[in-house]
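Have a look at the structure below, then the notes.
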Amino acid sequence: MLTAVIAELNPLHSGHEFLMKSAKSSEGLIVILSSNFTQRGSPSITDKFTRAENAIMAGADLVVELPFLYACSAGNIFADGACQILAGLGCVSRIVFGVEDDNFDVERLADVMMTETFGEILRAEMKNGCSYAKACSISAEKILPGSGDFLSRPNNTLALSYVTSIKRGNYHIETRAVKRTGIFSSKTIRENIIGSLHLMPDYSRQSIIESQKNGRISSESKLWPLIQCVLNRSSPSELRDIYGVDEGIENLMLKKWRASSSFDDFIGKCVCSRYTRSHIRRLTIYILLGLKRDDAVKSAVPYARVLAFNERGREILRQCRKSSSIPIITSLKYAQGSTGKFFAQVEQRATQLHEITMNCPDMTRESHEVLKFPQKF
């Protein structure tokens with residue numbers, strides 16, 4: 001049974017390694033890895049090629065990129081993109097994901113959230129000013145008691161998104177939940193990266209140390225002068241053309257940036273009952289990339305882009321090329337069709353924006369070829 005894990009590995013810690021070892025099957029393990037910006041809208045602490053290498057060291061055989069347009073999106077879109085790729089490859093039998101609560105009936109909750117009753121309650125809650133995430137939690141709790149508590153934890157919420165995506169897509173993929181181990185998270189590690197090195201496997205720890213030495217650790221603060229410049233010369237109507245900017249949030253952003261002392265301060269001043277911190281962060285990235293409203297994700301993922309593989313991964317790739325219903329590429333230059341080329345163009349721009357957050361940027365980074373590794377290190 002060929003198994004897959006969907007992850008950001010930002011950075012890879014011992015909990016990730018435990019999940020991947022738990023997921024690995026005799027046929028191999030595929031990792032769908034988010035690109036250079038995360039689901040929460042922040043630049044990944046190291047670039048995707050570095051994280052892909054760590055994924056191979058942790059037990060992955062093949063690493064496939066989740067494109068920026070899905071990776072830097074709300075959880076349901078993030079999950080849809082990853083599950084589309086896995087279903088498109090045509091050879092994955094199971095997805096394994098981590099949860100905080102492994103005894104909750106996620107399948108039942110997914111069925112509830114696909115009902116018209118849930119949709120009606122959700123729309124009413126959002127009309128009352130709730131954010132989408134909060135409205136989902138309230139609506140689910142009203143139908144299935146206990147759901148609100150389950151959805152209060154981020155990994156549970158993402159797990160639900162995977163199950164729901166598989167059900168809606170009618171994909172023939174099994175799911176398996178693994179209870180998260182340890183009391184730490186990637187967020188706590190990022191907040192004190194040096195003080196948290198002991199929470200990472202040796203290879204991940206050395207990767208962080210080497211990246212820091214080479215000026216290859218991202219700093220979100222470097223985005224602040226950029227967003228100041230863009231907001232300074234933007235009108236409300238120009239911002240309303242940006243993907244995801246609606247319901248007057250453009251006026252709030254234009255009002256708050258001048259009174260903000262830093263990027264994080266600006267994000268905090270824009271957070272309200274309707275918009276979460278993650279939503280605002282994603283909007284700032286869309287603004288910096290100039291993503292227009294018409295650029296919203298409306299089509300299926302146009303390709304499966306390989307980032308890294310080992311010898312077993314090479315065999316899996318051969319298998320996938322026979323079964324895949326989507327093109328498998330090793331470089332963005334091989335993207336085909338208008339949608340494929342658009343995704344590749346946005347990916348290139350996102351990578352260059354990510355490079356700006358580095359002390360030692362490499363603007364040719366996206367042109368690097370797929371990483372190939374021996375079976376063992």
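Chain identifiers are assigned as A, B, and so on, following the order in which chains appear in the structure tokens; residues are numbered from 1 within each chain, and ligands are numbered from 1 in order of appearance.
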Each range 144-198 of chain A residue no farther than 12 Å from range 13-25 of chain A, nearest pair in Å, only C-alpha atoms, as a Markdown table:
```
| residue | atom | partner | partner_atom | distance |
| --- | --- | --- | --- | --- |
| A:Thr175 | CA | A:Ala23 | CA | 10.6 |
| A:Arg176 | CA | A:Ala23 | CA | 8.6 |
| A:Ala177 | CA | A:Leu19 | CA | 9.6 |
| A:Val178 | CA | A:Leu19 | CA | 7.0 |
| A:Lys179 | CA | A:Leu19 | CA | 8.7 |
| A:Arg180 | CA | A:Gly15 | CA | 6.8 |
| A:Thr181 | CA | A:Gly15 | CA | 6.0 |
| A:Gly182 | CA | A:Gly15 | CA | 7.0 |
| A:Ile183 | CA | A:Gly15 | CA | 9.5 |
| A:Phe184 | CA | A:Gly15 | CA | 8.4 |
| A:Ser185 | CA | A:Gly15 | CA | 8.1 |
| A:Ser186 | CA | A:His13 | CA | 7.2 |
| A:Lys187 | CA | A:His13 | CA | 10.9 |
| A:Thr188 | CA | A:His13 | CA | 11.0 |
| A:Ile189 | CA | A:His13 | CA | 8.6 |
| A:Arg190 | CA | A:His13 | CA | 10.8 |
| A:Ile193 | CA | A:His13 | CA | 11.2 |
| A:Ser196 | CA | A:His13 | CA | 9.5 |
| A:Leu197 | CA | A:His13 | CA | 8.8 |
| A:His198 | CA | A:His13 | CA | 9.1 |
```
Query raised in the report: Which neighbours of Asn359 in chain A fall inside 10 Å, counting only C-alpha atoms, when residues of the same chain fewer than 5 positions from it are skipped, and could you give them as an MDAnalysis selection string?
Result: chainID A and resid 212 214:219 222
For the residues in that selection, give me N, CA and C atoms as an mmCIF file, in the first residue's frame.
```
data_model
loop_
_atom_site.group_PDB
_atom_site.id
_atom_site.type_symbol
_atom_site.label_atom_id
_atom_site.label_comp_id
_atom_site.auth_asym_id
_atom_site.auth_seq_id
_atom_site.Cartn_x
_atom_site.Cartn_y
_atom_site.Cartn_z
ATOM 1 N N GLN A 212 21.358 28.735 8.848
ATOM 2 C CA GLN A 212 21.608 29.980 9.567
ATOM 3 C C GLN A 212 23.008 30.511 9.267
ATOM 4 N N ASN A 214 24.658 30.124 6.593
ATOM 5 C CA ASN A 214 24.726 30.593 5.209
ATOM 6 C C ASN A 214 23.728 31.708 4.897
ATOM 7 N N GLY A 215 23.086 32.244 5.929
ATOM 8 C CA GLY A 215 22.119 33.317 5.700
ATOM 9 C C GLY A 215 20.864 32.853 5.008
ATOM 10 N N ARG A 216 20.470 31.594 5.269
ATOM 11 C CA ARG A 216 19.342 31.006 4.551
ATOM 12 C C ARG A 216 18.163 30.700 5.483
ATOM 13 N N ILE A 217 18.016 31.489 6.542
ATOM 14 C CA ILE A 217 16.835 31.411 7.404
ATOM 15 C C ILE A 217 15.964 32.622 7.100
ATOM 16 N N SER A 218 14.699 32.399 6.799
ATOM 17 C CA SER A 218 13.828 33.501 6.403
ATOM 18 C C SER A 218 13.475 34.388 7.602
ATOM 19 N N SER A 219 13.227 35.646 7.318
ATOM 20 C CA SER A 219 12.799 36.600 8.339
ATOM 21 C C SER A 219 11.596 37.365 7.797
ATOM 22 N N LYS A 222 11.356 41.218 6.993
ATOM 23 C CA LYS A 222 11.854 41.827 5.760
ATOM 24 C C LYS A 222 10.721 42.172 4.795
#
```
Report task. Just the helix (DSSP H, G or I) stuff from range 140-373 of chain A, please, per backbone DSSP, written as JSON, numbers by chain. Result -> {"A": [140, 141, 142, 143, 147, 148, 149, 150, 154, 155, 156, 157, 158, 159, 160, 161, 162, 163, 164, 165, 166, 167, 168, 169, 186, 187, 188, 189, 190, 191, 197, 198, 199, 202, 203, 204, 205, 206, 207, 208, 209, 210, 211, 212, 213, 220, 221, 222, 223, 224, 225, 226, 227, 228, 229, 230, 231, 232, 236, 237, 238, 239, 240, 249, 250, 251, 252, 253, 254, 255, 256, 257, 258, 259, 263, 264, 265, 266, 267, 268, 269, 270, 277, 278, 279, 280, 281, 282, 283, 284, 285, 286, 287, 288, 289, 293, 294, 295, 311, 312, 313, 314, 315, 316, 317, 318, 319, 320, 321, 322, 323, 332, 333, 334, 337, 338, 339, 340, 341, 342, 343, 344, 345, 346, 347, 348, 349, 350, 351, 352, 353, 354, 355, 356, 365, 366, 367]}
**Report entry** Every residue of range 161-317 of chain A that DSSP places in strand (DSSP E), as a PyMOL selection string
**Finding:** chain A and resi 174-179+304-309
Report task. Figure out the distance between CA of Ile138 in chain A and CA of Phe118 in chain A, please, to one decimal in Å. Result -> 9.9 Å
